Every structure is written in structure tokens, then in C-alpha cells.
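Trainee: Data: upload35.txt, compact mmCIF, C-alpha atoms.
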# COMPACT_ATOMS: atom_id res chain seq x y z
CA MET H 633 11.14 -5.47 -8.44
CA SER H 634 7.58 -6.79 -8.50
CA ASN H 635 6.49 -8.88 -11.49
CA GLU H 636 3.02 -7.38 -11.32
CA PRO H 637 2.08 -5.11 -14.26
CA THR H 638 2.41 -1.37 -13.72
CA LYS H 639 -0.90 0.13 -12.62
CA ILE H 640 -1.96 3.22 -14.62
CA LEU H 641 -4.99 5.43 -13.98
CA ILE H 642 -6.62 7.20 -16.94
CA ALA H 643 -8.84 10.18 -16.12
CA ASP H 644 -10.97 11.53 -18.97
CA ASP H 645 -14.64 12.43 -19.30
CA ASP H 646 -14.76 11.15 -22.91
CA PRO H 647 -15.79 7.46 -22.81
CA ALA H 648 -14.40 6.85 -26.31
CA MET H 649 -11.02 8.28 -25.28
CA LEU H 650 -11.02 6.12 -22.14
CA ARG H 651 -11.71 2.98 -24.15
CA MET H 652 -9.03 3.78 -26.73
CA LEU H 653 -6.32 4.59 -24.19
CA ALA H 654 -7.18 1.54 -22.09
CA LYS H 655 -6.97 -0.68 -25.18
CA TRP H 656 -3.55 0.72 -26.13
CA LEU H 657 -2.10 0.38 -22.65
CA GLU H 658 -3.56 -3.02 -21.82
CA ALA H 659 -2.22 -4.38 -25.12
CA ASP H 660 1.22 -3.22 -23.97
CA GLY H 661 0.90 -5.12 -20.67
CA TYR H 662 -0.23 -2.42 -18.26
CA GLN H 663 -3.02 -2.71 -15.68
CA VAL H 664 -5.47 0.11 -16.41
CA LEU H 665 -7.92 1.91 -14.13
CA ARG H 666 -10.48 4.33 -15.56
CA ALA H 667 -12.05 7.49 -14.11
CA GLY H 668 -14.68 9.62 -15.84
CA ASP H 669 -13.83 12.76 -13.87
CA GLY H 670 -11.32 14.18 -11.42
CA ARG H 671 -13.36 13.32 -8.34
CA MET H 672 -13.51 9.65 -9.28
CA ALA H 673 -9.79 9.77 -10.05
CA MET H 674 -9.08 11.00 -6.50
CA GLU H 675 -11.01 8.09 -5.02
CA LEU H 676 -9.20 5.55 -7.22
CA ILE H 677 -5.80 7.05 -6.40
CA GLU H 678 -6.48 6.65 -2.68
CA ALA H 679 -7.93 3.15 -3.01
CA GLU H 680 -5.81 1.58 -5.76
CA ARG H 681 -2.48 3.46 -5.55
CA PRO H 682 -1.56 3.56 -9.25
CA ARG H 683 2.04 4.30 -10.25
CA LEU H 684 1.19 6.57 -13.21
CA LEU H 685 -1.64 8.97 -13.94
CA VAL H 686 -2.73 10.02 -17.43
CA THR H 687 -5.26 12.84 -17.14
CA ASP H 688 -7.20 15.11 -19.46
CA TRP H 689 -7.19 18.84 -18.66
CA GLU H 690 -10.89 19.59 -19.14
CA MET H 691 -13.08 17.44 -16.88
CA PRO H 692 -16.22 18.04 -14.79
CA ASN H 693 -16.19 18.34 -10.99
CA VAL H 694 -12.39 18.43 -10.71
CA ASN H 695 -10.29 19.32 -13.77
CA GLY H 696 -6.83 18.01 -14.57
CA LEU H 697 -4.96 20.94 -13.03
CA GLU H 698 -6.93 20.67 -9.79
CA LEU H 699 -6.39 16.91 -9.75
CA CYS H 700 -2.64 17.31 -10.22
CA ARG H 701 -2.39 19.93 -7.45
CA TRP H 702 -4.34 17.60 -5.16
CA VAL H 703 -2.01 14.70 -5.99
CA ARG H 704 1.05 16.77 -5.11
CA SER H 705 -0.52 17.81 -1.79
CA GLN H 706 -1.12 14.19 -0.71
CA ASP H 707 1.15 11.79 1.12
CA LEU H 708 0.50 8.76 -1.07
CA GLY H 709 3.47 6.72 0.07
CA HIS H 710 5.08 6.88 -3.37
CA TYR H 711 5.51 9.33 -6.23
CA LEU H 712 2.70 9.37 -8.79
CA TYR H 713 4.10 10.14 -12.25
CA THR H 714 1.58 12.35 -14.08
CA ILE H 715 1.07 12.93 -17.80
CA PHE H 716 -1.35 15.62 -19.05
CA LEU H 717 -3.46 15.29 -22.19
CA THR H 718 -4.38 18.62 -23.73
CA MET H 719 -5.36 20.34 -26.96
CA ARG H 720 -3.78 23.57 -25.72
CA THR H 721 -0.50 24.43 -27.40
CA GLU H 722 0.40 27.84 -25.96
CA SER H 723 3.58 27.83 -23.87
CA SER H 724 1.84 29.67 -21.04
CA GLU H 725 -0.84 26.97 -20.85
CA LEU H 726 1.68 24.13 -20.89
CA LEU H 727 3.63 25.88 -18.14
CA LYS H 728 0.49 25.74 -16.01
CA CYS H 729 0.59 21.93 -16.30
CA LEU H 730 4.20 21.78 -15.15
CA GLU H 731 3.65 24.27 -12.33
CA ALA H 732 0.68 22.22 -11.10
CA GLY H 733 3.04 19.26 -10.75
CA ALA H 734 2.79 17.43 -14.08
CA ASP H 735 5.81 15.46 -15.21
CA ASP H 736 5.00 15.34 -18.90
CA PHE H 737 2.27 16.23 -21.37
CA LEU H 738 0.88 15.01 -24.69
CA LYS H 739 -0.98 17.10 -27.23
CA LYS H 740 -4.20 15.85 -28.75
CA PRO H 741 -4.88 14.17 -31.13
CA LEU H 742 -2.78 11.44 -29.58
CA ASP H 743 -0.30 9.21 -31.33
CA ARG H 744 -0.24 5.66 -29.93
CA ASN H 745 3.50 5.18 -30.28
CA GLU H 746 4.27 8.52 -28.63
CA LEU H 747 1.93 7.76 -25.74
CA LEU H 748 3.56 4.37 -25.12
CA ALA H 749 7.04 5.91 -25.34
CA ARG H 750 6.12 8.54 -22.73
CA ILE H 751 4.58 5.87 -20.50
CA ARG H 752 7.72 3.73 -20.72
CA SER H 753 9.85 6.76 -19.87
CA GLY H 754 7.66 7.45 -16.84
CA SER H 755 7.84 3.79 -15.83
CA ARG H 756 11.64 3.93 -15.80
CA VAL H 757 11.50 6.94 -13.50
CA MET H 758 9.08 5.13 -11.20
CA GLU H 759 11.24 1.99 -11.12
CA LEU H 760 14.21 4.07 -9.96
CA GLU H 761 12.03 5.80 -7.35
CA GLN H 762 10.82 2.41 -6.12
CA ARG H 763 14.35 1.08 -5.74
CA LEU H 764 15.52 4.10 -3.77
CA SER H 765 12.36 4.14 -1.68
CA ARG H 766 12.64 0.44 -0.90
CA LEU H 767 16.16 0.90 0.44
CA ALA H 768 15.00 3.69 2.74
CA LYS H 769 11.73 2.12 3.87
CA THR H 770 12.53 -1.59 4.19
CA ASP H 771 13.56 -3.49 7.30
CA ALA H 772 17.00 -4.99 6.66
CA ILE H 773 16.25 -8.42 8.19
CA THR H 774 12.73 -9.20 7.01
CA GLY H 775 12.45 -7.11 3.86
CA LEU H 776 9.13 -5.76 5.17
CA ALA H 777 8.11 -2.16 5.76
CA THR H 778 9.61 -0.30 8.70
CA ARG H 779 7.61 1.03 11.64
CA ARG H 780 7.65 4.57 10.23
CA VAL H 781 6.25 3.42 6.90
CA LEU H 782 3.55 1.39 8.66
CA LEU H 783 2.45 4.39 10.69
CA ASP H 784 2.22 6.48 7.50
CA ASP H 785 0.13 3.75 5.84
CA LEU H 786 -2.14 3.53 8.88
CA ASN H 787 -2.64 7.30 8.94
CA ARG H 788 -3.69 7.33 5.29
CA GLU H 789 -6.11 4.45 5.77
CA TRP H 790 -7.44 6.04 8.95
CA ASN H 791 -8.32 9.22 7.02
CA ARG H 792 -9.93 7.22 4.22
CA SER H 793 -11.90 5.15 6.71
CA GLN H 794 -13.25 8.30 8.34
CA ARG H 795 -14.10 9.92 5.03
CA TYR H 796 -15.96 6.98 3.52
CA HIS H 797 -17.23 5.39 6.77
CA THR H 798 -15.56 2.04 6.06
CA PRO H 799 -14.22 -0.35 8.71
CA LEU H 800 -10.51 -0.45 9.53
CA SER H 801 -8.72 -3.05 11.63
CA CYS H 802 -5.18 -3.82 12.62
CA VAL H 803 -3.43 -6.90 13.99
CA MET H 804 -0.40 -6.95 16.28
CA ILE H 805 1.68 -10.14 16.07
CA ASP H 806 4.36 -11.19 18.54
CA ILE H 807 6.61 -14.27 18.25
CA ASP H 808 6.25 -16.39 21.38
CA PHE H 809 9.36 -16.93 23.55
CA PHE H 810 11.58 -15.14 21.03
CA LYS H 811 14.13 -14.14 23.69
CA ARG H 812 14.51 -17.80 24.60
CA VAL H 813 15.34 -18.60 20.96
CA ASN H 814 18.02 -15.91 20.88
CA ASP H 815 19.50 -17.00 24.20
CA THR H 816 19.52 -20.71 23.30
CA HIS H 817 20.37 -20.70 19.61
CA GLY H 818 21.91 -17.28 19.02
CA HIS H 819 20.80 -14.11 17.26
CA GLN H 820 21.50 -15.58 13.84
CA ALA H 821 18.78 -18.15 14.51
CA GLY H 822 16.48 -15.38 15.73
CA ASP H 823 17.09 -13.39 12.53
CA GLU H 824 16.30 -16.45 10.41
CA ILE H 825 12.99 -16.91 12.25
CA LEU H 826 12.14 -13.25 11.68
CA ARG H 827 12.90 -13.63 7.97
CA ARG H 828 10.83 -16.80 7.66
CA LEU H 829 7.88 -15.30 9.48
CA GLY H 830 8.12 -12.19 7.30
CA GLN H 831 7.98 -14.38 4.18
CA VAL H 832 4.88 -16.21 5.38
CA LEU H 833 3.13 -12.97 6.26
CA GLN H 834 4.07 -11.42 2.93
CA GLU H 835 2.61 -14.41 1.08
CA THR H 836 -0.69 -13.95 2.89
CA VAL H 837 -1.46 -10.23 2.61
CA CYS H 838 -3.00 -8.81 -0.54
CA GLY H 839 -2.21 -5.55 -2.32
CA CYS H 840 -4.66 -3.43 -0.31
CA GLU H 841 -3.27 -4.58 3.07
CA PHE H 842 -0.17 -3.25 4.81
CA LEU H 843 2.39 -5.25 6.70
CA GLY H 844 5.66 -4.49 8.43
CA ARG H 845 8.00 -5.13 11.31
CA PHE H 846 6.85 -2.94 14.17
CA GLY H 847 9.87 -3.56 16.37
CA GLY H 848 11.85 -6.45 17.86
CA GLU H 849 9.78 -9.59 17.31
CA GLU H 850 6.52 -7.67 16.73
CA PHE H 851 4.75 -7.25 13.39
CA LEU H 852 1.79 -5.02 12.52
CA VAL H 853 -0.79 -5.68 9.80
CA VAL H 854 -3.21 -2.91 8.70
CA LEU H 855 -6.44 -4.28 7.17
CA PRO H 856 -8.55 -1.64 5.36
CA GLU H 857 -12.27 -2.23 4.90
CA THR H 858 -12.08 -5.12 7.37
CA THR H 859 -14.24 -5.67 10.44
CA GLU H 860 -12.87 -7.06 13.69
CA GLN H 861 -14.51 -10.42 13.02
CA GLN H 862 -12.93 -10.61 9.57
CA ALA H 863 -9.59 -9.65 11.08
CA ILE H 864 -9.97 -12.39 13.71
CA GLU H 865 -10.56 -14.95 10.95
CA TRP H 866 -7.49 -13.71 9.05
CA ALA H 867 -5.37 -13.82 12.21
CA GLU H 868 -6.53 -17.34 13.10
CA GLN H 869 -5.54 -18.63 9.67
CA MET H 870 -2.16 -16.92 10.04
CA ARG H 871 -1.67 -18.35 13.54
CA ILE H 872 -2.10 -21.87 12.16
CA ARG H 873 0.33 -21.21 9.30
CA ILE H 874 2.99 -19.84 11.63
CA ALA H 875 2.68 -22.88 13.91
CA GLU H 876 3.56 -25.04 10.90
CA ILE H 877 6.85 -23.19 10.26
CA THR H 878 10.03 -25.21 10.79
CA VAL H 879 13.33 -23.33 10.72
CA PRO H 880 16.54 -25.42 10.47
CA VAL H 881 19.31 -24.01 12.71
CA ASN H 882 22.64 -25.75 13.40
CA GLY H 883 21.26 -29.15 12.45
CA LYS H 884 18.11 -28.71 14.54
CA ASN H 885 14.58 -27.78 13.54
CA ILE H 886 13.00 -24.93 15.49
CA ASN H 887 9.23 -24.51 15.59
CA VAL H 888 7.65 -21.21 16.57
CA THR H 889 4.24 -19.90 17.47
CA ALA H 890 2.85 -16.39 17.67
CA SER H 891 0.24 -14.46 19.62
CA PHE H 892 -2.21 -12.04 17.99
CA GLY H 893 -4.05 -8.92 19.14
CA VAL H 894 -6.88 -7.65 16.92
CA ALA H 895 -8.70 -4.31 17.05
CA GLN H 896 -11.14 -2.39 14.85
CA ARG H 897 -11.54 1.39 14.73
CA LEU H 898 -14.62 2.26 16.80
CA ALA H 899 -16.72 5.41 16.79
CA ASP H 900 -14.86 6.70 19.85
CA THR H 901 -11.37 5.60 18.79
CA ALA H 902 -9.57 8.93 18.83
CA THR H 903 -6.40 8.39 16.81
CA PRO H 904 -4.49 5.77 14.78
CA GLU H 905 -2.13 5.42 17.73
CA THR H 906 -5.12 4.55 19.92
CA LEU H 907 -6.09 1.79 17.49
CA ILE H 908 -2.58 0.34 17.72
CA ASP H 909 -2.75 0.53 21.50
CA MET H 910 -6.06 -1.35 21.47
CA ALA H 911 -4.50 -4.14 19.40
CA ASP H 912 -1.48 -4.12 21.70
CA GLN H 913 -3.71 -4.52 24.76
CA ALA H 914 -5.43 -7.48 23.09
CA LEU H 915 -2.00 -8.94 22.30
CA ALA H 916 -0.96 -8.62 25.95
CA VAL H 917 -4.03 -10.60 26.98
CA ALA H 918 -3.22 -13.26 24.37
CA LYS H 919 0.28 -13.67 25.82
CA ARG H 920 -0.90 -13.70 29.43
CA SER H 921 -3.56 -16.30 28.72
CA GLY H 922 -1.23 -18.89 27.24
CA ARG H 923 0.18 -17.52 23.94
CA ASP H 924 -0.37 -19.05 20.46
CA ARG H 925 -3.84 -17.56 20.26
CA VAL H 926 -5.89 -14.69 18.83
CA ILE H 927 -7.57 -12.18 21.15
CA ALA H 928 -9.78 -9.31 19.97
CA TYR H 929 -10.03 -6.02 21.82
CA CYS H 930 -13.83 -5.96 21.95
CA SER H 931 -13.97 -9.44 23.43
Any chance you could give the structure as C-alpha cells?
Mentor:
Amino acid sequence: MSNEPTKILIADDDPAMLRMLAKWLEADGYQVLRAGDGRMAMELIEAERPRLLVTDWEMPNVNGLELCRWVRSQDLGHYLYTIFLTMRTESSELLKCLEAGADDFLKKPLDRNELLARIRSGSRVMELEQRLSRLAKTDAITGLATRRVLLDDLNREWNRSQRYHTPLSCVMIDIDFFKRVNDTHGHQAGDEILRRLGQVLQETVCGCEFLGRFGGEEFLVVLPETTEQQAIEWAEQMRIRIAEITVPVNGKNINVTASFGVAQRLADTATPETLIDMADQALAVAKRSGRDRVIAYCS
């Protein structure tokens, strides 16, 4: 499991309540995001991907019930555990929370110890969900995301890029002469190179970027809010790091290089699959022109 603190989003239109809840949760070691209404909460959920949501019922623009229904209609890539805050005590009203998709609820005025106990309970549920999800969505050799997961991540970022008019780029990476490594040193050596490259890539990407094994010796990196030029700079730094990798196999040290294809979503880029194809075309040029280099689609 990650050592990073659990990320929790609080949605409430009362600034004093936001400050109090954030103080309680941060003192208990959680990373807290704040939203003053349901609309802002939606944007933060898409951008920051919190693991738990604590939301008030009554809020402007989008209320808690509408927010919860929206959450359950989205493909967020993971389950978002949701706790309702409400002053309503009637069973019929509380049932509305559960039917909208809430996992738990707390009645106002809030008790600090009860809130933290409910949060810890939700965190245990999310930890179990993460473990099961990781088994289903992780490549067995590299420990990175599978192709299917990558495509889901790209689709979500594609939709967000269109909605908010932000740049979106992706990078295709291919290990040079990988078949030669397998033929000369065996598939065990090839697997070790894949693992080592996966580790280096994982160390480089940040939380808002998506990385996985696309197939064979190919990797795909999705870079939200990144222009093609920024993606080129990232890829060039990665190319240099990969060239420095030394993998010991059967008493010998194997050095590898990789080729990179970079592409940014353009105004006429029709689909996420088209964006991948653009990066793949750039990658093909990189390999034909000598390998161990970065080529951008627009160049």
C-alpha cells in the first residue's frame, strides 16, 4: 500500500464547518481538500481523485444528494467512499442518502471522535478495495497499470480536457532491440529489464500522470494539462535516465535504450485512440531514424 496520506474531500458551504473538519482530519494525518459547493466538489473529484468524500446535504448549485448521484454515475477508476452530514433525522430522509449512493452518514452537530471513527472505518473499506483492484488492474511483471486501465484513464482525461479546454499529451515508449535481448539472454533477462524500466518510470511520474505497460516492450504515459513541448522535455529527461540503466544478468551487465513518440490532443483529434495512434506514428519515426530518441507528432 502507498505511504501517502489518505486524500479526503470535504464539501460544505459553511466556511466555519470546512475549517473545523479540515483541522480535525489533518490533525489525524489525512490530506484534506475543501469545496464550498457541489459543483466545486465535482471538479476536485475529477482533478484530485480523493479516496473519501464527506459532504453536507444542503449546498448551493449542486446539493449533497445530487453530488452523490453524480459520483455513482462516474467511472472514476476507484470507489469513492461517501459520508453524508445532515441535520435530518427522519428515516425516510436518511434512506434518501443511502439510495443516492452514500455509504454512511453523520448527524449534526458533529462529534469529533465519531467522525474520525467513521473515517477510519471507510479507510479500511477503501484499503481492501485498493488491494483487490490492484490485483485485477496491475501488470504481473512490471507492477504498472494494464493496457485496459490505461485506456480508461486516458478516456477520463480526454473528457476532462475537452470540458475545461486544457492540453493533454501522451508518450509511447518502446525498448530498443528488446527481441535481441530475449533471444541472446533469455526471457528472464527480458522480464528483469521490463521490471527495471517500470521502476524508473514509476519514480518519475507524479500523482496526476498515468503510466502503464501497453503491451510487449511498449509503455504508455498519459500527461494531463501538458503541452507537446512539455511532454517532449519530460520524454527527453526519461530517455537519458533509461540510457543510464544497467541490469545485471548472468554475470553480465546489460544496458538498454528506448525510443519515444510524443503527441498532444489537437483541435481535430477525433478520439483518444487517435491520440495514441499519433504517438505511435511518432514512435515509429523515432525507431526508423536511429532509435534512442524522442520524436513529436507535430514535428
Trainee: Name the residues in contact with Asp924 (chain H) at a cut-off of 10 Å, using all atoms listed in the file, excluding same-chain residues fewer than 3 positions from it; report them as a PyMOL selection string.
Mentor: chain H and resi 806-808+868+871-872+874-875+888-892+918-919+921+927
Trainee: For Arg795 (chain H), which of H:Val664, H:Glu675, H:Arg651, H:Arg704 is the closest residue, counting all atoms listed in the file?
Mentor: H:Glu675
Trainee: Please measure the separation of CA of Glu860 (chain H) and CA of Thr903 (chain H), giving the value in Å to one decimal.
Mentor: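 Interatomic distance, CA of Glu860 (chain H) to CA of Thr903 (chain H): 17.0 Å.
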Trainee: Please provide the set of residues having any atom within 8 Å of Cys700 (chain H), restricted to all atoms listed in the file, with same-chain residues fewer than 5 positions apart removed, written as a PyMOL selection string.
Mentor: chain H and resi 714+732-734
Trainee: Pull the closest atom pair for each residue of region 734-797 of chain H that gets at most 8 Å from region 809-831 of chain H, along with the distance in Å to one decimal, counting only C-alpha atoms, ordering rows by chain and then ascending residue number, as CSV.
Mentor:
residue,atom,partner,partner_atom,distance
H:Ile773,CA,H:Arg827,CA,6.2
H:Thr774,CA,H:Arg827,CA,4.5
H:Gly775,CA,H:Gly830,CA,7.5
H:Leu776,CA,H:Gly830,CA,6.8
Trainee: If you measure from CA of Trp790 (chain H) to CA of Arg897 (chain H), what distance in Å do you get, rounded to one decimal?
Mentor: 8.5 Å
Trainee: Considering all atoms listed in the file, return as a PyMOL selection string whatever protein or nucleic-acid residues lie within 8 Å of Pro692 (chain H), sequence-local ones (same chain, fewer than 3 positions apart) excluded.
Mentor: chain H and resi 645+669-670+695
Trainee: I'd like the contact shell of Glu725 (chain H) - 12 Å cut-off, all atoms listed in the file, skipping same-chain residues fewer than 6 positions apart - returned as a ChimeraX atom specification.
Mentor: /H:689,697,716,718-719,731-732,737,739
Trainee: What does the file look like for those residues with C-alpha atoms, as a tab-separated table (two decimals), keeping the file's coordinate frame?
Mentor:
chain	number	residue	atom	x	y	z
H	689	TRP	CA	-7.19	18.84	-18.66
H	697	LEU	CA	-4.96	20.94	-13.03
H	716	PHE	CA	-1.35	15.62	-19.05
H	718	THR	CA	-4.38	18.62	-23.73
H	719	MET	CA	-5.36	20.34	-26.96
H	731	GLU	CA	3.65	24.27	-12.33
H	732	ALA	CA	0.68	22.22	-11.10
H	737	PHE	CA	2.27	16.23	-21.37
H	739	LYS	CA	-0.98	17.10	-27.23
Trainee: Skip Thr638 (chain H) itself and residues of its chain fewer than 3 positions away, then list as a VMD selection string all residues within 7 Å of it, counting all atoms listed in the file.
Mentor: chain H and resid 662 to 663 683
Trainee: So, counting only C-alpha atoms, which residue among H:Gly709, H:Arg701, H:Leu742, H:Arg925 is closest to Met649 (chain H)?
Mentor: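 Checking each candidate against Met649 (chain H), we get H:Leu742 as the closest.
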Trainee: Would you mind telling me which residue in H:Leu641, H:Leu760, H:Val894, H:Val686 lies nearest to Asp736 (chain H) when using only C-alpha atoms?
Mentor: H:Val686
Trainee: So, counting all atoms listed in the file, which residue among H:Leu764, H:Lys769, H:Glu678, H:Ile640 is closest to Tyr796 (chain H)?
Mentor: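 So, comparing all the options, the nearest one is H:Glu678.
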Trainee: So which residues are close to (7.4, -3.4, 9.5), meaning at most 6 Å away in the file's coordinates with only C-alpha atoms counted, and can you show them as a list in words?
Mentor: Leu776, Ala777, Thr778, Arg779, Gly844, Arg845 and Phe846 of chain H
Trainee: Pick from H:Glu865, H:Glu690, H:Asp660, H:Glu857: nearest to Asn745 (chain H), with all atoms listed in the file counted?
Mentor: H:Asp660
Trainee: When you draw a straight line from CA of Pro856 (chain H) to CA of Ser801 (chain H), how long is it in Å?
Mentor: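 Taking CA of Pro856 (chain H) as the start and CA of Ser801 (chain H) as the end point, the length is 6.4 Å.
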